[in-house]
Amino acid sequence: MKKRLISLAAVLLCAVLAALPAFAVAGDTVPAGPDLQVSADYDWNRFRGQNVTLYVYNWGLYISDGSDDSIDVVKGFEDLTGIKVNYTTFDTNESLYAKMKSGAANYDVIVPSDYMIGKMIGEDMLEPLDFSNIPNIEKIGAAYKNLEYDPDNAYSVPYTWGVVGIVYNKTMVQEPPTSWDALWDIEYAGNVLMFNNSRDAFAIAAKKLGMSLNPTSTEQVQAIAEELKAQKSVVQAYVMDEIFDKMTGGEAAMAPYYAGDAIVMMEDNPDLDFVIPEEGTNYFVDAMCIPKGAKNKEAAEMFINYMCETEVGAANCDFIGYSTPITDVWETLDDDLKYSPIAYPSEEVLANTEVFISLPDEINSAMDMAWSDMKSYDEAGSGWMVPVMLLLALALIVFNVWRKLHRRQRSDLY
Amino acid sequence: MKQKHWRALQQAYMVLIFSFLYVPIAVMAVFSFNESKSRSVFTGFTLNWYKSLFTNSMILDALALSVAIALISALISTVVGTMAAVGISSMGRKSRLLINNLSYLPIVNPEIITGVSLMLLFVAYRGFAAWANAHMGADLVPQNIFGLPTLLIAHISFSVPYVIFNVSPKLRQLDVRMYEAALDLGCNPTQAFFKVVMPELMPAILSAFLICITYSIDDFIISYFTCGNLQTLPIAIYSMTRKKVSPEINALSTIIFLVILAIILFTNHMDSRKYRRDQQRG
Amino acid sequence: MVQKKSLAAPYLVWMAAFIIAPLIIVVYFALTDSAGNFTLDNLMTIGRYSTVFARSLILAAVATAICLVLAFPVGYFLSRLRTSKQHIMQMLVMLPMWMNFLLRTYAWMSLLEKNGIINRILGLVGLGPFEMINTSGAVVLGMVYNYLPYMILPLYTAMTKIDQSVVEAAQDLGAGMGKILTRVLIPLSVPGIATGITMVFVPAVSTFIISRMLGGGSNLLIGDLIELQFLGNSYNYNLGSAMSLVLMVIVLLCMSFTSSFDEEDMEGVV
């Protein structure tokens, strides 16, 4: 009898020991939606059933959202945590700033670029993050933390990084461009697209003039603005994300844009190529932040932690094309993407890049004013428009007076 | 010019104008069935974009919001506007003229100015609320009003004048004697109003209600400035057009067109039935 | 009749709070700087953008004129149809008007692009690709397309009131096409023309969507400038309010030429 019991216990022990690894593996990850697995080491279910809605404001086409057979990471988050996400998009840092500064909207998570984060920190518009809720901060490479815009890394968690360069259509240019002044070339008049936001556009013109893309005086701003005005006759349109359809559709020969988007465009249209001009370019980091006074700070931090999960980061990297700051994700990439000169340029190229810093108020307003001026500048039309308009006004006044007199004449007849 | 040449020219001109109006819509519809994402080359037939449209949560949420706001704001506008029309009609000529001219303002004012001015008002209110809350030490005054409240206020503000200008002429055409007869027969003023005046006004009130819904669902500019972090349908469409374009937009456009066409044919049918019935009644 | 002036009270309060007060706030912002001090700087700065204002007014005027010329015959022919047909045709004119404005403008993008449908069709016949989008012409086309029904309907309403016998009498008296137009049709449809011009010119002068989608971001109109100051790149409430003030004054000025503020006329709008 005893022998039987001992052998039974032994069998049970073996079974448990054999099953233990299975438990260990099952304990490591939990599913987030049908396609993703995230770390189980985190309490994702804290807000389940509490009817929480998170308002996320991100760049357009900047998350893997399920279109084009990609993984829907937002839905994955909703399934994992029971939190509803209201996801809306903006197209420039400045419009994000305008909406937030005026108080015209409340968001829980925003994804500005480096210099805008610096500006917002300076104006006390961001909440300091509680990193006990974002343990995945450890997974971000050291090279992307504690940068100049957020030196203590208290307010932001890097999301993507990249460089700016020229996307061009190989069949529509005589030779591949090597310098920023290809965008001013009259040869390609009407075939050049340009950034529709002040910072990026000024940066390119500054680089063309050999200046820093962080102007230090209003005279520099004016000089750069003059350069942009000179470019106007060559520019087909000022665009942000509308560029995708235009370049893939062959509407324009070349355009400056972000490396990640260039990769996506090149997948859609193999005629396209990307080059980082010799004068150097802008190196940017986009990071996730929480605006001051956000209602659901902890849920927002949960979302930020979720975005740093390896599989989520990989899905995003795959869909949006931008370079990832998460070391684990970089490890999982294919070699041709890992060492791609576009997505992960060499040290040499990176050394020739400059980061945006947030500019002092007077330079900012000079830049804003110069941008409005440049956009409204019309070298062809400025002369004749005002006199024509005055003539029209005169004609209207004469017509009105004639009409009143005529009416009186007619009523005089009866 | 010979009569039949004239008629041929007439018809040709009308066909030209109507094609001008409908060709872009037709093109959108054709390309909503396009296999590839190209907007100019038709590669193959597919219903995929319609399918993916129905799972696009951004569009569906925006549609729900637009419909909800349209219904609520139209309801409130119709009630407030009808009351206002009745009240205004019993005022003296000078006050009537003043109020009518002021009411004309939201209709005539460019939408961007209405939108901007409302946004400034709400931002100023928010600043005031923040100051008041800081002063009182507690969050008593609601501060974050951007979103549903601001959208509703904005939509009601531009809808009410349309109600007033729709109901007022009907009110003027009303036969006062009917109302007085009801009073003579023993009704008190309220009863007389609801039994005699309202039925006469009903067609105008209904058409005003429909106009409010239409303008509210289609409003983009005013909603753009007052929506906060919400998205109505036109705003969602706008953000779709700023990005890599998907034929889902074409599918959406075709569906909207078919819905409107159905509504028009339906109201036309109802109208002609009513017309025939009125004719029979003699 | 129903002597209840107080029924209008809720509306009057609402009007004061949400129609008058916002406009006063706009004026306030227009005349102050960011610190709150009174200044005329904002209005002076607008001088730099005079070409934008001029361009908006000219393009809107051209679009309005084209709409008027195109819509006049349509209104007339519609009004001469049989009543039953009139109803259907009226609906057909209104249908595009009820389609979403953005989608209608967007539809033209795919037609006008360099590799768009029109250029492809022309390419089949051998005509070179024309640069149609991102020009002022595209913006005017967008305006005409979007606002044509708003011109057709008032003209049609006005012309239904012109009895055919008047036209026939003129013909009997020996008037040719031109005389009938200038002496009979146009004078009698003036209220419709006035309404139509109002309903086309005001939105056309203040739009920012059409210029953004079809103008390529370099043909800035007043609407674009104002949007830039509030929700766009150049965050400057004071300048934006000043521009809005000037725009409002311009619109009211134009309105005073084209419409009378009498009660009966106003209802023609709705």
# chains A, B, ... in the order shown; residues from 1 in each chain; ligands from 1
>>> closest_atom_pairs(of="chain B", to="chain C", cutoff="6 Å", atoms="only C-alpha atoms", output="JSON lines")
{"residue": "B:Pro24", "atom": "CA", "partner": "C:Ala107", "partner_atom": "CA", "distance": 5.4}
{"residue": "B:Arg39", "atom": "CA", "partner": "C:Ser110", "partner_atom": "CA", "distance": 5.9}
{"residue": "B:Ser40", "atom": "CA", "partner": "C:Ile117", "partner_atom": "CA", "distance": 5.1}
{"residue": "B:Met83", "atom": "CA", "partner": "C:Leu7", "partner_atom": "CA", "distance": 5.3}
{"residue": "B:Ala84", "atom": "CA", "partner": "C:Ala8", "partner_atom": "CA", "distance": 3.8}
{"residue": "B:Gly87", "atom": "CA", "partner": "C:Lys5", "partner_atom": "CA", "distance": 4.2}
{"residue": "B:Ser90", "atom": "CA", "partner": "C:Gln3", "partner_atom": "CA", "distance": 5.4}
{"residue": "B:Pro110", "atom": "CA", "partner": "C:Pro203", "partner_atom": "CA", "distance": 5.9}
{"residue": "B:Ser117", "atom": "CA", "partner": "C:Pro22", "partner_atom": "CA", "distance": 4.8}
{"residue": "B:Leu118", "atom": "CA", "partner": "C:Pro22", "partner_atom": "CA", "distance": 5.6}
{"residue": "B:Leu121", "atom": "CA", "partner": "C:Pro22", "partner_atom": "CA", "distance": 5.3}
{"residue": "B:Phe165", "atom": "CA", "partner": "C:Glu267", "partner_atom": "CA", "distance": 5.8}
{"residue": "B:Asp218", "atom": "CA", "partner": "C:Asn100", "partner_atom": "CA", "distance": 5.9}
>>> residues_around(residues="range 59-72 of chain B", least_positions_apart="3", cutoff="7 Å", atoms="only C-alpha atoms", output="list in words")
Asn56, Leu75, Ile76, Leu152, Ile213, Ser216, Ile217, Gln231, Thr232, Leu233 and Ala236 of chain B
>>> atom_distance(atom1="CA of Ile357 in chain A", atom2="CA of Gln222 in chain A")
18.7 Å
>>> closest_atom_pairs(of="chain A", to="chain C", cutoff="8 Å", atoms="only C-alpha atoms", output="CSV")
residue,atom,partner,partner_atom,distance
A:Thr92,CA,C:Asn233,CA,7.8
A:Glu94,CA,C:Asn233,CA,5.0
A:Ser95,CA,C:Gly232,CA,4.6
A:Ala98,CA,C:Leu231,CA,5.3
A:Lys99,CA,C:Leu231,CA,6.1
A:Asn196,CA,C:Gly217,CA,7.8
A:Asn197,CA,C:Asn233,CA,6.6
A:Ser198,CA,C:Asn233,CA,7.0
A:Lys232,CA,C:Ser218,CA,7.9
A:Gln236,CA,C:Asn134,CA,6.8
A:Ala237,CA,C:Gly216,CA,4.2
A:Tyr238,CA,C:Gly217,CA,5.2
A:Val239,CA,C:Gly217,CA,7.4
A:Gly249,CA,C:Asn115,CA,7.1
A:Gly250,CA,C:Asn115,CA,7.4
A:Glu251,CA,C:Lys114,CA,5.9
A:Ser365,CA,C:Ser234,CA,7.8
A:Asp368,CA,C:Ser234,CA,4.8
A:Met369,CA,C:Ser234,CA,6.9
A:Trp371,CA,C:Ser234,CA,7.6
A:Ser372,CA,C:Ser234,CA,7.0
A:Asp373,CA,C:Tyr49,CA,7.4
A:Lys375,CA,C:Ser218,CA,5.8
A:Ser376,CA,C:Leu220,CA,5.6
A:Tyr377,CA,C:Thr51,CA,7.8
A:Asp378,CA,C:Thr51,CA,7.6
A:Gly381,CA,C:Thr51,CA,7.8
A:Ser382,CA,C:Thr51,CA,5.7
A:Met385,CA,C:Ala54,CA,5.8
A:Val386,CA,C:Ala54,CA,5.9
A:Met389,CA,C:Ala54,CA,6.0
A:Leu396,CA,C:Phe257,CA,7.7
A:Asn400,CA,C:Phe257,CA,6.4
>>> write_last_selection(atoms="C-alpha atoms", output="compact mmCIF listing (two decimals), in the first residue's frame")
# COMPACT_ATOMS: atom_id res chain seq x y z
CA THR A 92 1.71 69.53 -37.46
CA GLU A 94 1.97 73.80 -34.29
CA SER A 95 -1.67 72.87 -34.75
CA ALA A 98 -2.66 75.78 -30.88
CA LYS A 99 -5.39 73.38 -29.87
CA ASN A 196 3.44 72.70 -44.88
CA ASN A 197 4.77 73.67 -41.47
CA SER A 198 7.09 76.44 -40.51
CA LYS A 232 7.52 79.50 -54.22
CA GLN A 236 3.61 72.65 -56.73
CA ALA A 237 1.95 72.47 -53.33
CA TYR A 238 2.62 72.67 -49.61
CA VAL A 239 1.65 69.35 -48.09
CA GLY A 249 0.85 58.67 -57.92
CA GLY A 250 3.77 60.32 -59.69
CA GLU A 251 2.32 63.80 -59.34
CA SER A 365 6.72 84.86 -33.35
CA ASP A 368 5.23 82.52 -37.37
CA MET A 369 4.80 85.94 -38.94
CA TRP A 371 5.54 81.90 -42.39
CA SER A 372 2.17 83.63 -42.84
CA ASP A 373 3.87 86.25 -45.01
CA LYS A 375 2.47 81.66 -47.70
CA SER A 376 0.53 84.73 -48.77
CA TYR A 377 3.32 86.16 -50.86
CA ASP A 378 2.47 86.28 -54.53
CA GLY A 381 0.05 89.09 -58.52
CA SER A 382 0.86 91.51 -55.75
CA MET A 385 -4.58 93.03 -57.19
CA VAL A 386 -5.22 95.96 -54.92
CA MET A 389 -10.12 95.45 -56.17
CA LEU A 396 -20.16 98.64 -57.16
CA ASN A 400 -25.63 101.21 -56.33
>>> interface_residues(of="chain B", to="chain A", cutoff="7 Å", atoms="only C-alpha atoms", output="compact mmCIF listing (two decimals) with C-alpha atoms, in the first residue's frame")
# COMPACT_ATOMS: atom_id res chain seq x y z
CA VAL B 123 -12.00 79.79 -24.45
CA PHE B 146 -15.21 71.70 -25.15
CA GLY B 228 -12.61 69.89 -28.84
CA ASN B 229 -11.38 66.32 -29.01
CA ARG B 242 -5.41 64.94 -45.29
CA LYS B 243 -3.78 61.53 -45.19
CA LYS B 244 -3.05 58.68 -47.50
CA VAL B 245 -6.37 58.42 -49.18
>>> atom_distance(atom1="CA of Leu333 in chain A", atom2="CA of Ser246 in chain B")
27.7 Å
>>> residues_around(residues="range 66-68 of chain C", least_positions_apart="2", cutoff="12 Å", atoms="only C-alpha atoms", output="number ranges by chain")
B: 17; C: 59-64, 70-75, 140-156, 186, 189-190, 192-201, 204
>>> select_by_dssp(residues="range 132-224 of chain B", states="helix (DSSP H, G or I)", output="ChimeraX atom specification")
/B:132-136,148-173,176-184,189-218,221-224
>>> residues_around(residues="Phe42 in chain B", least_positions_apart="2", cutoff="12 Å", atoms="only C-alpha atoms", output="list of chain:residue names")
B:Val27, B:Met28, B:Ala29, B:Val30, B:Phe31, B:Ser32, B:Phe33, B:Asn34, B:Glu35, B:Ser36, B:Lys37, B:Ser38, B:Arg39, B:Ser40, B:Gly44, B:Phe45, B:Thr46, B:Pro247, C:Gly116, C:Ile117, C:Arg120
>>> select_by_dssp(residues="range 33-196 of chain A", states="strand (DSSP E or B)", output="ChimeraX atom specification")
/A:36-39,53-59,65,72,84-90,109-110,113,126,140,157-169,192-195
>>> write_last_selection(atoms="C-alpha atoms", output="mmCIF file, in the first residue's frame")
data_model
loop_
_atom_site.group_PDB
_atom_site.id
_atom_site.type_symbol
_atom_site.label_atom_id
_atom_site.label_comp_id
_atom_site.auth_asym_id
_atom_site.auth_seq_id
_atom_site.Cartn_x
_atom_site.Cartn_y
_atom_site.Cartn_z
ATOM 1 C CA LEU A 36 -0.403 40.528 -30.160
ATOM 2 C CA GLN A 37 1.161 39.254 -26.979
ATOM 3 C CA VAL A 38 2.266 41.631 -24.244
ATOM 4 C CA SER A 39 4.065 41.162 -20.992
ATOM 5 C CA THR A 53 -12.267 56.598 -22.309
ATOM 6 C CA LEU A 54 -8.774 57.668 -23.251
ATOM 7 C CA TYR A 55 -8.288 60.544 -25.710
ATOM 8 C CA VAL A 56 -5.171 59.993 -27.771
ATOM 9 C CA TYR A 57 -3.943 62.666 -30.194
ATOM 10 C CA ASN A 58 -1.244 61.518 -32.553
ATOM 11 C CA TRP A 59 0.192 62.314 -35.991
ATOM 12 C CA ASP A 65 -4.319 50.749 -37.135
ATOM 13 C CA ASP A 72 -4.727 47.056 -35.100
ATOM 14 C CA LYS A 84 -12.036 52.716 -24.876
ATOM 15 C CA VAL A 85 -9.649 54.765 -26.973
ATOM 16 C CA ASN A 86 -10.819 57.857 -28.834
ATOM 17 C CA TYR A 87 -8.028 58.237 -31.371
ATOM 18 C CA THR A 88 -7.741 61.468 -33.379
ATOM 19 C CA THR A 89 -4.944 62.915 -35.448
ATOM 20 C CA PHE A 90 -3.159 66.182 -36.149
ATOM 21 C CA VAL A 109 -1.898 61.198 -24.524
ATOM 22 C CA ILE A 110 -0.190 63.376 -27.137
ATOM 23 C CA SER A 113 8.155 66.254 -31.538
ATOM 24 C CA LEU A 126 2.810 68.653 -19.491
ATOM 25 C CA ILE A 140 14.117 52.325 -24.656
ATOM 26 C CA VAL A 157 8.756 58.508 -23.522
ATOM 27 C CA PRO A 158 10.294 58.255 -27.008
ATOM 28 C CA TYR A 159 8.009 56.788 -29.655
ATOM 29 C CA THR A 160 9.938 57.017 -32.908
ATOM 30 C CA TRP A 161 12.933 58.793 -34.316
ATOM 31 C CA GLY A 162 14.225 59.542 -37.768
ATOM 32 C CA VAL A 163 15.781 61.961 -40.180
ATOM 33 C CA VAL A 164 14.487 64.201 -42.932
ATOM 34 C CA GLY A 165 15.600 63.786 -46.521
ATOM 35 C CA ILE A 166 14.465 64.114 -50.112
ATOM 36 C CA VAL A 167 12.051 61.587 -51.570
ATOM 37 C CA TYR A 168 12.347 61.626 -55.326
ATOM 38 C CA ASN A 169 10.972 59.794 -58.300
ATOM 39 C CA VAL A 192 8.410 70.033 -56.184
ATOM 40 C CA LEU A 193 6.425 69.591 -53.000
ATOM 41 C CA MET A 194 7.305 71.300 -49.735
ATOM 42 C CA PHE A 195 6.584 70.953 -46.032
#
>>> residues_around(residues="Ile222 in chain B", least_positions_apart="4", cutoff="10 Å", atoms="only C-alpha atoms", output="count of residues only")
17
>>> residues_around(residues="Lys139 in chain A", least_positions_apart="2", cutoff="12 Å", atoms="only C-alpha atoms", output="PyMOL selection string")
chain A and resi 134-137+141-145+157-159+305-310+313+324-331
>>> atom_distance(atom1="CA of Leu337 in chain A", atom2="CA of Gly321 in chain A")
9.5 Å
>>> residues_around(residues="range 171-184 of chain B", least_positions_apart="5", cutoff="9 Å", atoms="only C-alpha atoms", output="list of chain:residue names")
B:Ala85, B:Val86, B:Ser89, B:Pro189, B:Gln191, B:Ala192, B:Phe193, B:Lys195, B:Val196, B:Val197, B:Glu200, B:Leu201, C:Met1, C:Val2
>>> write_last_selection(atoms="C-alpha atoms", output="short mmCIF file (atom, residue, chain, number, x, y, z; two decimals), in the first residue's frame")
data_model
loop_
_atom_site.label_atom_id
_atom_site.label_comp_id
_atom_site.auth_asym_id
_atom_site.auth_seq_id
_atom_site.Cartn_x
_atom_site.Cartn_y
_atom_site.Cartn_z
CA ALA B 85 -41.31 83.36 -33.96
CA VAL B 86 -44.61 83.59 -32.08
CA SER B 89 -44.72 88.37 -34.34
CA PRO B 189 -55.51 81.32 -25.23
CA GLN B 191 -55.81 75.82 -25.89
CA ALA B 192 -56.64 78.03 -28.86
CA PHE B 193 -52.99 78.20 -29.74
CA LYS B 195 -55.67 73.49 -31.31
CA VAL B 196 -55.82 76.10 -34.05
CA VAL B 197 -52.47 77.76 -34.64
CA GLU B 200 -51.48 75.41 -39.36
CA LEU B 201 -47.83 75.93 -38.50
CA MET C 1 -52.87 87.70 -32.48
CA VAL C 2 -51.16 85.64 -29.85
#
>>> decode(residues="range 198-212 of chain C", atoms="N, CA and C atoms", output="compact mmCIF listing (two decimals), in the first residue's frame")
# COMPACT_ATOMS: atom_id res chain seq x y z
N THR C 198 -25.72 86.77 -52.71
CA THR C 198 -25.37 86.67 -51.30
C THR C 198 -24.96 85.25 -50.93
N MET C 199 -25.78 84.28 -51.36
CA MET C 199 -25.53 82.92 -50.93
C MET C 199 -24.30 82.31 -51.57
N VAL C 200 -23.79 82.92 -52.65
CA VAL C 200 -22.58 82.38 -53.26
C VAL C 200 -21.36 83.17 -52.83
N PHE C 201 -21.46 84.49 -52.83
CA PHE C 201 -20.28 85.30 -52.58
C PHE C 201 -19.75 85.13 -51.16
N VAL C 202 -20.66 85.14 -50.19
CA VAL C 202 -20.19 85.09 -48.79
C VAL C 202 -19.44 83.81 -48.47
N PRO C 203 -19.98 82.63 -48.76
CA PRO C 203 -19.17 81.44 -48.49
C PRO C 203 -17.91 81.40 -49.36
N ALA C 204 -18.00 81.89 -50.60
CA ALA C 204 -16.84 81.79 -51.47
C ALA C 204 -15.69 82.64 -50.95
N VAL C 205 -15.99 83.81 -50.41
CA VAL C 205 -14.93 84.69 -49.97
C VAL C 205 -14.28 84.18 -48.69
N SER C 206 -14.98 83.35 -47.93
CA SER C 206 -14.45 82.96 -46.62
C SER C 206 -14.08 81.49 -46.53
N THR C 207 -14.07 80.77 -47.62
CA THR C 207 -13.78 79.35 -47.55
C THR C 207 -12.30 79.11 -47.29
N PHE C 208 -11.96 78.02 -46.61
CA PHE C 208 -10.55 77.66 -46.57
C PHE C 208 -10.33 76.22 -47.03
N ILE C 209 -11.44 75.50 -47.15
CA ILE C 209 -11.31 74.11 -47.55
C ILE C 209 -10.96 74.02 -49.04
N ILE C 210 -11.70 74.80 -49.86
CA ILE C 210 -11.48 74.72 -51.30
C ILE C 210 -10.06 75.12 -51.64
N SER C 211 -9.57 76.19 -51.02
CA SER C 211 -8.22 76.62 -51.36
C SER C 211 -7.19 75.63 -50.83
N ARG C 212 -7.51 74.94 -49.74
CA ARG C 212 -6.54 73.99 -49.23
C ARG C 212 -6.48 72.74 -50.08
